[in-house]
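Here is protein_31.pdb, consisting of PDB, C-alpha atoms:
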ATOM      1  CA  MET Z   1       1.825  54.157 -43.055
ATOM      2  CA  SER Z   2      -1.607  53.279 -41.681
ATOM      3  CA  THR Z   3      -4.345  51.313 -43.302
ATOM      4  CA  SER Z   4      -7.968  52.391 -43.304
ATOM      5  CA  PHE Z   5      -9.930  51.020 -40.376
ATOM      6  CA  ASP Z   6     -13.233  49.477 -41.439
ATOM      7  CA  GLN Z   7     -15.030  49.006 -38.155
ATOM      8  CA  GLN Z   8     -17.863  47.047 -39.734
ATOM      9  CA  SER Z   9     -15.467  44.329 -40.925
ATOM     10  CA  GLN Z  10     -13.754  43.800 -37.560
ATOM     11  CA  VAL Z  11     -14.761  40.739 -35.523
ATOM     12  CA  GLY Z  12     -15.721  41.741 -31.998
ATOM     13  CA  TYR Z  13     -17.638  44.868 -32.982
ATOM     14  CA  VAL Z  14     -21.397  45.397 -33.223
ATOM     15  CA  ASN Z  15     -23.015  43.219 -35.927
ATOM     16  CA  ASN Z  16     -19.874  41.119 -36.328
ATOM     17  CA  LEU Z  17     -19.708  38.765 -33.361
ATOM     18  CA  THR Z  18     -18.997  35.069 -33.109
ATOM     19  CA  SER Z  19     -21.565  32.961 -31.276
ATOM     20  CA  ARG Z  20     -19.299  32.917 -28.194
ATOM     21  CA  MET Z  21     -18.891  36.691 -28.255
ATOM     22  CA  GLN Z  22     -22.644  37.224 -28.581
ATOM     23  CA  LYS Z  23     -23.273  34.851 -25.679
ATOM     24  CA  GLN Z  24     -20.754  36.651 -23.451
ATOM     25  CA  LEU Z  25     -22.299  40.019 -24.339
ATOM     26  CA  ASN Z  26     -25.825  38.804 -23.596
ATOM     27  CA  THR Z  27     -24.738  37.270 -20.286
ATOM     28  CA  LEU Z  28     -22.897  40.419 -19.192
ATOM     29  CA  LYS Z  29     -25.939  42.592 -19.935
ATOM     30  CA  SER Z  30     -28.366  40.247 -18.191
ATOM     31  CA  ARG Z  31     -26.208  40.063 -15.064
ATOM     32  CA  LEU Z  32     -25.976  43.837 -14.900
ATOM     33  CA  LYS Z  33     -29.749  44.129 -15.083
ATOM     34  CA  ASP Z  34     -30.478  41.244 -12.697
ATOM     35  CA  PRO Z  35     -32.597  42.746  -9.861
ATOM     36  CA  SER Z  36     -31.626  39.896  -7.536
ATOM     37  CA  ASN Z  37     -27.958  40.963  -7.625
ATOM     38  CA  SER Z  38     -27.853  44.376  -5.965
ATOM     39  CA  TYR Z  39     -24.092  44.715  -6.500
ATOM     40  CA  HIS Z  40     -24.259  44.374 -10.284
ATOM     41  CA  LYS Z  41     -27.554  46.256 -10.466
ATOM     42  CA  ASP Z  42     -25.930  49.202  -8.691
ATOM     43  CA  VAL Z  43     -23.207  49.299 -11.359
ATOM     44  CA  TYR Z  44     -25.844  49.266 -14.104
ATOM     45  CA  LEU Z  45     -27.879  52.078 -12.544
ATOM     46  CA  LYS Z  46     -24.792  54.295 -12.278
ATOM     47  CA  LEU Z  47     -24.140  54.086 -16.010
ATOM     48  CA  ARG Z  48     -25.544  56.829 -18.231
ATOM     49  CA  SER Z  49     -28.759  55.860 -19.996
ATOM     50  CA  ASP Z  50     -27.000  55.898 -23.377
ATOM     51  CA  GLN Z  51     -24.376  53.502 -21.987
ATOM     52  CA  GLN Z  52     -26.946  51.162 -20.449
ATOM     53  CA  ASP Z  53     -28.462  50.454 -23.865
ATOM     54  CA  SER Z  54     -25.246  50.412 -25.896
ATOM     55  CA  ASP Z  55     -23.783  47.116 -27.100
ATOM     56  CA  ALA Z  56     -20.788  49.066 -28.436
ATOM     57  CA  PHE Z  57     -20.083  50.325 -24.901
ATOM     58  CA  TYR Z  58     -20.088  46.841 -23.347
ATOM     59  CA  LEU Z  59     -18.114  45.374 -26.228
ATOM     60  CA  ARG Z  60     -15.183  47.692 -25.565
ATOM     61  CA  PHE Z  61     -14.846  46.238 -22.064
ATOM     62  CA  LEU Z  62     -15.250  42.692 -23.362
ATOM     63  CA  ARG Z  63     -12.667  43.128 -26.156
ATOM     64  CA  ALA Z  64     -10.222  44.575 -23.634
ATOM     65  CA  ARG Z  65     -10.471  41.340 -21.649
ATOM     66  CA  ASN Z  66     -10.647  38.834 -24.511
ATOM     67  CA  PHE Z  67     -14.398  38.443 -23.987
ATOM     68  CA  SER Z  68     -14.142  37.230 -20.414
ATOM     69  CA  LYS Z  69     -17.406  38.447 -18.890
ATOM     70  CA  LYS Z  70     -15.981  38.115 -15.369
ATOM     71  CA  LYS Z  71     -12.989  40.338 -16.137
ATOM     72  CA  ALA Z  72     -15.131  42.776 -18.136
ATOM     73  CA  MET Z  73     -17.494  43.079 -15.169
ATOM     74  CA  LYS Z  74     -14.558  43.903 -12.907
ATOM     75  CA  MET Z  75     -13.523  46.639 -15.333
ATOM     76  CA  LEU Z  76     -17.052  48.063 -15.291
ATOM     77  CA  VAL Z  77     -16.987  48.105 -11.478
ATOM     78  CA  ASN Z  78     -13.700  50.061 -11.571
ATOM     79  CA  PHE Z  79     -15.134  52.382 -14.238
ATOM     80  CA  VAL Z  80     -18.166  53.290 -12.124
ATOM     81  CA  ALA Z  81     -16.052  53.588  -8.964
ATOM     82  CA  LYS Z  82     -13.722  56.127 -10.602
ATOM     83  CA  TYR Z  83     -16.620  58.294 -11.773
ATOM     84  CA  ASP Z  84     -18.156  58.130  -8.294
ATOM     85  CA  ASP Z  85     -14.857  58.933  -6.625
ATOM     86  CA  LEU Z  86     -14.359  62.040  -8.770
ATOM     87  CA  ASP Z  87     -18.069  63.005  -8.780
ATOM     88  CA  LEU Z  88     -17.312  63.570 -12.435
ATOM     89  CA  TYR Z  89     -20.687  64.567 -13.826
ATOM     90  CA  ASN Z  90     -20.926  67.442 -11.334
ATOM     91  CA  LYS Z  91     -17.537  68.843 -12.335
ATOM     92  CA  THR Z  92     -17.146  72.246 -14.024
ATOM     93  CA  ILE Z  93     -14.120  74.025 -15.466
ATOM     94  CA  ASP Z  94     -13.728  75.806 -12.135
ATOM     95  CA  ASP Z  95     -13.055  72.447 -10.450
ATOM     96  CA  VAL Z  96      -9.784  71.877 -12.327
ATOM     97  CA  PRO Z  97      -7.957  75.245 -11.943
ATOM     98  CA  SER Z  98      -4.431  73.821 -11.774
ATOM     99  CA  VAL Z  99      -4.875  71.945 -15.059
ATOM    100  CA  ILE Z 100      -7.059  74.159 -17.188
ATOM    101  CA  ASN Z 101      -4.394  76.521 -18.482
ATOM    102  CA  THR Z 102      -1.929  73.892 -19.638
ATOM    103  CA  HIS Z 103      -0.674  74.209 -23.204
ATOM    104  CA  ALA Z 104       0.657  70.664 -23.190
ATOM    105  CA  VAL Z 105      -2.686  69.294 -24.459
ATOM    106  CA  GLN Z 106      -4.454  70.393 -27.641
ATOM    107  CA  PHE Z 107      -7.306  69.030 -29.737
ATOM    108  CA  LEU Z 108      -6.890  68.745 -33.496
ATOM    109  CA  GLY Z 109     -10.131  67.126 -34.646
ATOM    110  CA  PRO Z 110     -10.399  64.005 -36.845
ATOM    111  CA  ASP Z 111      -7.731  62.286 -38.916
ATOM    112  CA  LYS Z 112      -8.503  60.781 -42.334
ATOM    113  CA  TYR Z 113     -10.122  57.767 -40.657
ATOM    114  CA  GLN Z 114     -12.353  59.885 -38.373
ATOM    115  CA  ARG Z 115     -10.311  59.187 -35.219
ATOM    116  CA  GLN Z 116     -10.287  62.237 -32.943
ATOM    117  CA  ILE Z 117      -6.709  63.482 -32.431
ATOM    118  CA  ILE Z 118      -5.357  64.644 -29.092
ATOM    119  CA  LEU Z 119      -1.950  66.321 -29.307
ATOM    120  CA  ILE Z 120       0.283  66.100 -26.232
ATOM    121  CA  THR Z 121       3.502  68.121 -26.029
ATOM    122  CA  PRO Z 122       5.411  66.850 -22.957
ATOM    123  CA  GLY Z 123       8.019  69.609 -23.318
ATOM    124  CA  LYS Z 124       5.371  72.141 -22.258
ATOM    125  CA  HIS Z 125       4.654  70.367 -18.966
ATOM    126  CA  THR Z 126       6.231  71.285 -15.643
ATOM    127  CA  PRO Z 127       6.150  68.399 -13.109
ATOM    128  CA  GLY Z 128       4.443  69.279  -9.844
ATOM    129  CA  SER Z 129       2.506  72.180 -11.357
ATOM    130  CA  MET Z 130      -0.840  70.380 -11.260
ATOM    131  CA  ASP Z 131      -3.073  68.761  -8.675
ATOM    132  CA  TYR Z 132      -3.150  65.097  -9.670
ATOM    133  CA  ARG Z 133      -6.819  64.602  -8.761
ATOM    134  CA  GLU Z 134      -7.606  67.494 -11.065
ATOM    135  CA  VAL Z 135      -5.536  65.840 -13.807
ATOM    136  CA  GLU Z 136      -7.754  62.749 -13.547
ATOM    137  CA  ALA Z 137     -10.936  64.818 -13.645
ATOM    138  CA  ALA Z 138      -9.860  67.056 -16.543
ATOM    139  CA  PHE Z 139      -8.681  64.042 -18.554
ATOM    140  CA  LEU Z 140     -12.031  62.292 -18.146
ATOM    141  CA  MET Z 141     -14.056  65.456 -18.763
ATOM    142  CA  ALA Z 142     -12.311  65.961 -22.108
ATOM    143  CA  ALA Z 143     -12.571  62.246 -22.897
ATOM    144  CA  ASN Z 144     -16.337  62.253 -22.289
ATOM    145  CA  ILE Z 145     -16.840  65.167 -24.666
ATOM    146  CA  ALA Z 146     -14.817  63.425 -27.380
ATOM    147  CA  GLU Z 147     -16.521  60.075 -26.802
ATOM    148  CA  LEU Z 148     -20.011  61.516 -27.270
ATOM    149  CA  THR Z 149     -19.059  62.485 -30.817
ATOM    150  CA  LEU Z 150     -17.430  59.109 -31.469
ATOM    151  CA  ASP Z 151     -20.519  57.214 -30.318
ATOM    152  CA  THR Z 152     -23.068  58.842 -32.626
ATOM    153  CA  PRO Z 153     -24.701  56.596 -35.270
ATOM    154  CA  GLU Z 154     -22.985  58.429 -38.134
ATOM    155  CA  SER Z 155     -19.513  58.035 -36.602
ATOM    156  CA  LYS Z 156     -17.326  55.746 -38.706
ATOM    157  CA  ASN Z 157     -14.697  55.113 -36.043
ATOM    158  CA  GLU Z 158     -14.982  54.845 -32.265
ATOM    159  CA  HIS Z 159     -11.243  55.268 -31.655
ATOM    160  CA  ILE Z 160      -9.006  58.200 -30.806
ATOM    161  CA  THR Z 161      -5.510  59.093 -31.962
ATOM    162  CA  LEU Z 162      -2.876  60.214 -29.476
ATOM    163  CA  MET Z 163       0.044  62.221 -30.788
ATOM    164  CA  PHE Z 164       3.106  62.961 -28.664
ATOM    165  CA  HIS Z 165       5.337  65.717 -30.028
ATOM    166  CA  TYR Z 166       8.712  65.855 -28.277
ATOM    167  CA  LYS Z 167       9.685  69.391 -29.254
ATOM    168  CA  ASP Z 168      11.787  70.975 -26.452
ATOM    169  CA  TRP Z 169      11.392  67.868 -24.270
ATOM    170  CA  GLY Z 170      13.993  67.032 -21.650
ATOM    171  CA  LEU Z 171      14.339  64.948 -18.510
ATOM    172  CA  SER Z 172      13.116  67.930 -16.458
ATOM    173  CA  ASN Z 173       9.685  67.411 -18.066
ATOM    174  CA  VAL Z 174       9.317  63.805 -16.902
ATOM    175  CA  ASP Z 175       6.315  63.393 -14.577
ATOM    176  CA  THR Z 176       5.801  59.742 -13.684
ATOM    177  CA  LYS Z 177       2.652  60.511 -11.651
ATOM    178  CA  VAL Z 178       0.901  62.041 -14.661
ATOM    179  CA  ASP Z 179       2.094  59.144 -16.838
ATOM    180  CA  ARG Z 180       0.594  56.630 -14.393
ATOM    181  CA  ILE Z 181      -2.686  58.550 -14.271
ATOM    182  CA  PHE Z 182      -3.034  58.512 -18.055
ATOM    183  CA  MET Z 183      -2.267  54.801 -18.241
ATOM    184  CA  LYS Z 184      -4.516  53.801 -15.325
ATOM    185  CA  VAL Z 185      -7.486  55.995 -16.212
ATOM    186  CA  GLY Z 186      -7.149  55.114 -19.879
ATOM    187  CA  GLN Z 187      -7.171  51.405 -19.051
ATOM    188  CA  ASP Z 188     -10.055  51.516 -16.548
ATOM    189  CA  CYS Z 189     -12.280  54.140 -18.155
ATOM    190  CA  MET Z 190     -11.453  54.160 -21.878
ATOM    191  CA  PRO Z 191     -10.803  50.539 -22.869
ATOM    192  CA  GLU Z 192     -10.324  49.849 -26.578
ATOM    193  CA  ARG Z 193     -10.424  53.551 -27.467
ATOM    194  CA  LEU Z 194      -6.856  53.934 -28.727
ATOM    195  CA  GLY Z 195      -6.637  53.609 -32.487
ATOM    196  CA  LYS Z 196      -3.157  55.018 -33.142
ATOM    197  CA  SER Z 197      -0.411  56.600 -31.068
ATOM    198  CA  TYR Z 198       2.198  58.713 -32.852
ATOM    199  CA  PHE Z 199       5.560  59.566 -31.336
ATOM    200  CA  VAL Z 200       6.789  62.565 -33.296
ATOM    201  CA  GLN Z 201      10.559  63.159 -33.347
ATOM    202  CA  PRO Z 202      11.098  61.255 -30.086
ATOM    203  CA  PRO Z 203      14.451  61.120 -28.255
ATOM    204  CA  LYS Z 204      16.682  58.259 -29.354
ATOM    205  CA  VAL Z 205      16.276  56.548 -25.999
ATOM    206  CA  PHE Z 206      12.596  55.977 -26.845
ATOM    207  CA  GLN Z 207      13.555  54.066 -29.958
ATOM    208  CA  GLY Z 208      15.782  51.837 -27.841
ATOM    209  CA  VAL Z 209      12.980  51.104 -25.386
ATOM    210  CA  TRP Z 210      10.606  50.375 -28.273
ATOM    211  CA  THR Z 211      13.074  47.989 -29.900
ATOM    212  CA  PHE Z 212      13.293  46.097 -26.597
ATOM    213  CA  CYS Z 213       9.523  45.965 -25.978
ATOM    214  CA  LYS Z 214       8.352  45.250 -29.535
ATOM    215  CA  PRO Z 215       8.993  41.467 -29.557
ATOM    216  CA  PHE Z 216       6.726  41.032 -26.529
ATOM    217  CA  LEU Z 217       3.683  42.682 -28.167
ATOM    218  CA  ASP Z 218       1.120  41.133 -30.506
ATOM    219  CA  GLU Z 219       0.741  42.507 -34.040
ATOM    220  CA  LYS Z 220      -2.479  44.382 -33.281
ATOM    221  CA  THR Z 221      -0.845  46.280 -30.428
ATOM    222  CA  LYS Z 222       2.419  46.918 -32.293
ATOM    223  CA  ASN Z 223       0.543  48.428 -35.219
ATOM    224  CA  LYS Z 224      -1.006  51.075 -32.954
ATOM    225  CA  PHE Z 225       2.368  52.719 -32.248
ATOM    226  CA  ILE Z 226       4.061  54.750 -34.972
ATOM    227  CA  PHE Z 227       7.364  56.611 -34.723
ATOM    228  CA  ILE Z 228       7.633  59.709 -36.892
ATOM    229  CA  ASP Z 229      11.023  61.172 -37.828
ATOM    230  CA  LYS Z 230       9.935  63.369 -40.748
ATOM    231  CA  LEU Z 231       6.839  65.541 -40.306
ATOM    232  CA  ASP Z 232       5.643  64.883 -43.850
ATOM    233  CA  GLU Z 233       4.934  61.294 -42.820
ATOM    234  CA  LEU Z 234       2.007  62.537 -40.718
ATOM    235  CA  LYS Z 235       0.171  63.649 -43.847
ATOM    236  CA  ASP Z 236      -0.393  60.044 -44.884
ATOM    237  CA  ASP Z 237      -3.048  59.870 -42.155
ATOM    238  CA  ILE Z 238      -3.867  63.495 -41.329
ATOM    239  CA  ASP Z 239      -4.938  66.337 -43.612
ATOM    240  CA  ASP Z 240      -2.698  69.389 -43.901
ATOM    241  CA  TYR Z 241      -5.398  71.749 -42.608
ATOM    242  CA  VAL Z 242      -5.788  69.669 -39.426
ATOM    243  CA  LEU Z 243      -2.091  69.731 -38.547
ATOM    244  CA  PRO Z 244      -0.690  72.856 -36.840
ATOM    245  CA  LYS Z 245       2.260  74.603 -38.451
ATOM    246  CA  VAL Z 246       4.630  73.256 -35.811
ATOM    247  CA  LEU Z 247       3.851  69.783 -37.193
ATOM    248  CA  GLY Z 248       4.249  70.778 -40.809
ATOM    249  CA  GLY Z 249       0.610  71.629 -41.495
ATOM    250  CA  SER Z 250      -1.175  74.868 -42.359
ATOM    251  CA  ARG Z 251      -3.332  75.303 -39.260
ATOM    252  CA  GLU Z 252      -2.834  78.576 -37.431
ATOM    253  CA  HIS Z 253      -4.497  77.700 -34.121
ATOM    254  CA  THR Z 254      -5.449  74.503 -32.287
ATOM    255  CA  PRO Z 255      -7.788  74.521 -29.258
ATOM    256  CA  THR Z 256      -6.144  74.191 -25.855
ATOM    257  CA  LEU Z 257      -7.670  72.145 -23.048
ATOM    258  CA  TYR Z 258      -9.340  75.270 -21.666
ATOM    259  CA  GLU Z 259     -10.806  76.227 -25.050
ATOM    260  CA  TYR Z 260     -11.999  72.681 -25.704
ATOM    261  CA  LEU Z 261     -13.762  72.336 -22.351
ATOM    262  CA  LYS Z 262     -15.094  75.895 -22.403
ATOM    263  CA  ALA Z 263     -16.684  75.449 -25.836
ATOM    264  CA  ALA Z 264     -18.585  72.404 -24.601
ATOM    265  CA  LEU Z 265     -19.338  73.128 -20.950
ATOM    266  CA  GLY Z 266     -19.441  76.897 -20.682
ATOM    267  CA  LYS Z 267     -20.081  77.488 -16.988
ATOM    268  CA  GLY Z 268     -22.078  74.280 -16.571
ATOM    269  CA  THR Z 269     -21.277  70.773 -15.405
ATOM    270  CA  LEU Z 270     -20.213  67.808 -17.483
ATOM    271  CA  GLY Z 271     -23.518  66.124 -16.642
ATOM    272  CA  GLU Z 272     -25.491  69.089 -17.962
ATOM    273  CA  TYR Z 273     -23.472  68.992 -21.188
ATOM    274  CA  VAL Z 274     -24.107  65.247 -21.652
ATOM    275  CA  GLU Z 275     -27.840  65.761 -21.117
ATOM    276  CA  ARG Z 276     -27.903  68.712 -23.526
ATOM    277  CA  PHE Z 277     -25.966  66.746 -26.147
ATOM    278  CA  HIS Z 278     -28.449  63.879 -26.097
ATOM    279  CA  GLN Z 279     -31.432  66.211 -26.109
ATOM    280  CA  ASP Z 280     -30.050  67.983 -29.175
ATOM    281  CA  ARG Z 281     -29.540  64.628 -30.861
ATOM    282  CA  GLN Z 282     -33.127  63.641 -30.064
ATOM    283  CA  ASN Z 283     -34.441  66.925 -31.450
ATOM    284  CA  GLU Z 284     -32.484  66.345 -34.684
ATOM    285  CA  GLU Z 285     -33.965  62.848 -35.014
ATOM    286  CA  ASP Z 286     -37.488  64.203 -34.406
ATOM    287  CA  ASP Z 287     -36.966  66.865 -37.074
ATOM    288  CA  ASP Z 288     -35.803  64.218 -39.551
ATOM    289  CA  MET Z 289     -38.929  62.153 -38.848
ATOM    290  CA  ASP Z 290     -41.152  65.199 -39.429
ATOM    291  CA  LEU Z 291     -39.502  65.731 -42.821
ATOM    292  CA  ASP Z 292     -40.248  62.137 -43.773
TER     293      ASP Z 292
END
Translate this structure into structure tokens?
Amino acid sequence: MSTSFDQQSQVGYVNNLTSRMQKQLNTLKSRLKDPSNSYHKDVYLKLRSDQQDSDAFYLRFLRARNFSKKKAMKMLVNFVAKYDDLDLYNKTIDDVPSVINTHAVQFLGPDKYQRQIILITPGKHTPGSMDYREVEAAFLMAANIAELTLDTPESKNEHITLMFHYKDWGLSNVDTKVDRIFMKVGQDCMPERLGKSYFVQPPKVFQGVWTFCKPFLDEKTKNKFIFIDKLDELKDDIDDYVLPKVLGGSREHTPTLYEYLKAALGKGTLGEYVERFHQDRQNEEDDDMDLD
């Protein structure tokens, strides 16, 4: 079904750039740090310290815009603006009460290629039951927690896997506002993060839409979308113990959005969690140096 993703061999990633790509990356970074340009400098200063020094971070924005530094800069401006607008790093679980108890979103862990899997069950969603600003915030809070794990030096894959399971789905579950939020926030704040997207036992109408859209997509994009009719097909890419029983696996329980956020944040803010995560990483590195 899927082929193994070797990030190190892909052009456009760290340590595998053409001369043009390297030049665009260097120019983007220098413009962000240019003290004479207060507009760009403000964007740079609003990035987290780990993002400021990360070529992998900037390269995701550049790849998303075919290495146009002008378009990548615009994306970075939108990225920072969204975080400012939501005051995201000061958010706690208590700030997203209408979203936190949803069972439509669960977190499975990594697939065989180390992509973190997010399971979405649209049939469990009731349109109008959530505050849409809270949907944005909760989505990005969960995304930040997942991304921290993906961006560690030992991570072999910086992508995520989305899985849509259409059990009990009907037209009464359609929520175009939530769909637009996921697409917009994903595009502006998580460029080049999607590795695979599975559509498990989708309605036939989806297949018709896909057949229509497929000729207009490039091969790279087409290969990210996989339609699953038989649950056993999932096991080509995902271990049995990772998959819940409803998807043909052996797993008894998968964390809900509340459990996922609670395990990371507790009663604290997202910003406090990010700071704690990096401090723990630094302590681990210091311990390793002491052992040497």
Using only C-alpha atoms, I'd like a table of the residues in range 21-140 of chain Z that come within 10 Å of range 252-264 of chain Z; for each, show the closest atom pair and its distance in Å rounded to one decimal, ordered by chain and ascending number, as a Markdown table.
| residue | atom | partner | partner_atom | distance |
| --- | --- | --- | --- | --- |
| Z:Thr92 | CA | Z:Leu261 | CA | 9.0 |
| Z:Ile93 | CA | Z:Leu261 | CA | 7.1 |
| Z:Val96 | CA | Z:Tyr258 | CA | 9.9 |
| Z:Pro97 | CA | Z:Tyr258 | CA | 9.8 |
| Z:Val99 | CA | Z:Leu257 | CA | 8.5 |
| Z:Ile100 | CA | Z:Tyr258 | CA | 5.1 |
| Z:Asn101 | CA | Z:Tyr258 | CA | 6.0 |
| Z:Thr102 | CA | Z:Leu257 | CA | 6.9 |
| Z:His103 | CA | Z:Thr256 | CA | 6.1 |
| Z:Ala104 | CA | Z:Thr256 | CA | 8.1 |
| Z:Val105 | CA | Z:Leu257 | CA | 5.9 |
| Z:Gln106 | CA | Z:Thr256 | CA | 4.5 |
| Z:Phe107 | CA | Z:Pro255 | CA | 5.5 |
| Z:Leu108 | CA | Z:Thr254 | CA | 6.1 |
| Z:Gly109 | CA | Z:Thr254 | CA | 9.1 |
| Z:Ile118 | CA | Z:Leu257 | CA | 9.9 |
| Z:Leu119 | CA | Z:Thr254 | CA | 9.4 |
| Z:Ala138 | CA | Z:Leu257 | CA | 8.5 |
| Z:Phe139 | CA | Z:Leu257 | CA | 9.3 |
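Nearest to Ser155 in chain Z of all the residues Z:Lys230, Z:Arg180, Z:Lys220, Z:Arg115 is Z:Arg115, based on only C-alpha atoms.
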Exercise: His125 in chain Z partners within 9 Å, only C-alpha atoms, chain neighbours under 2 positions left out, as a PyMOL selection string | chain Z and resi 102-104+121-123+127+129+169+173-175
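In this structure, CA of Arg133 in chain Z sits 16.3 Å away from CA of Leu270 in chain Z.
Residue nearest Asp188 in chain Z, chosen from Z:Phe61, Z:Phe164, Z:Tyr13, Z:Tyr89 and counting only C-alpha atoms: Z:Phe61.
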re CA of Ser38 in chain Z and CA of Lys71 in chain Z: distance 18.5 Å
Atom-to-atom span, CA of Ser98 in chain Z and CA of Val135 in chain Z, Å | 8.3 Å
Put the listed atoms of range 188-206 of chain Z in a box along x, y and z with 3 Å added on every side and give me the centre and edge lengths in Å to one decimal, as lines of an AutoDock Vina configuration file.
center_x = 2.2
center_y = 56.5
center_z = -24.9
size_x = 35.0
size_y = 19.3
size_z = 22.8
Applied to this file, what does the PyMOL selection byres ((chain Z and resi 276-280) around 12) return in terms of residues, put as a list in words?
-> Arg48, Ser49, Asp50, Gln51, Asn144, Ile145, Ala146, Glu147, Leu148, Thr149, Asp151, Thr152, Ala264, Leu265, Gly268, Thr269, Leu270, Gly271, Glu272, Tyr273, Val274, Glu275, Arg281, Gln282, Asn283, Glu284, Glu285, Asp286 and Asp287 of chain Z
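Of the residues under consideration (Z:Lys112, Z:Glu233, Z:Glu158, Z:Val205), Z:Glu158 shows the shortest atom-to-atom contact distance to Phe57 in chain Z when counting only C-alpha atoms.
Remark: for Met75 in chain Z, the closest of the candidate residues Z:Val185, Z:Leu88, Z:Val11, Z:Ile238 is Z:Val185 (distances computed over all atoms listed in the file).
Take the candidates Z:Lys177, Z:Lys267, Z:Lys245, Z:Lys196 and check each one against Asp131 in chain Z using all atoms listed in the file; the shortest distance goes to Z:Lys177.
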Evaluate the PyMOL selection byres ((chain Z and resi 193) around 7) and report residues as a PyMOL selection string = chain Z and resi 158-160+190-192+194-195
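Nearest residue to Gln201 in chain Z among Z:Cys189, Z:Met163, Z:Leu243, Z:Leu171 is Z:Met163, counting only C-alpha atoms.
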Which neighbours of Leu47 in chain Z fall inside 12 Å, counting only C-alpha atoms, when residues of the same chain fewer than 2 positions from it are skipped, and could you give them as a list in words?
-> Leu32, Lys33, His40, Lys41, Asp42, Val43, Tyr44, Leu45, Ser49, Asp50, Gln51, Gln52, Asp53, Ser54, Phe57, Tyr58, Leu76, Val77, Phe79, Val80, Ala81, Lys82, Tyr83, Asp84 and Tyr89 of chain Z
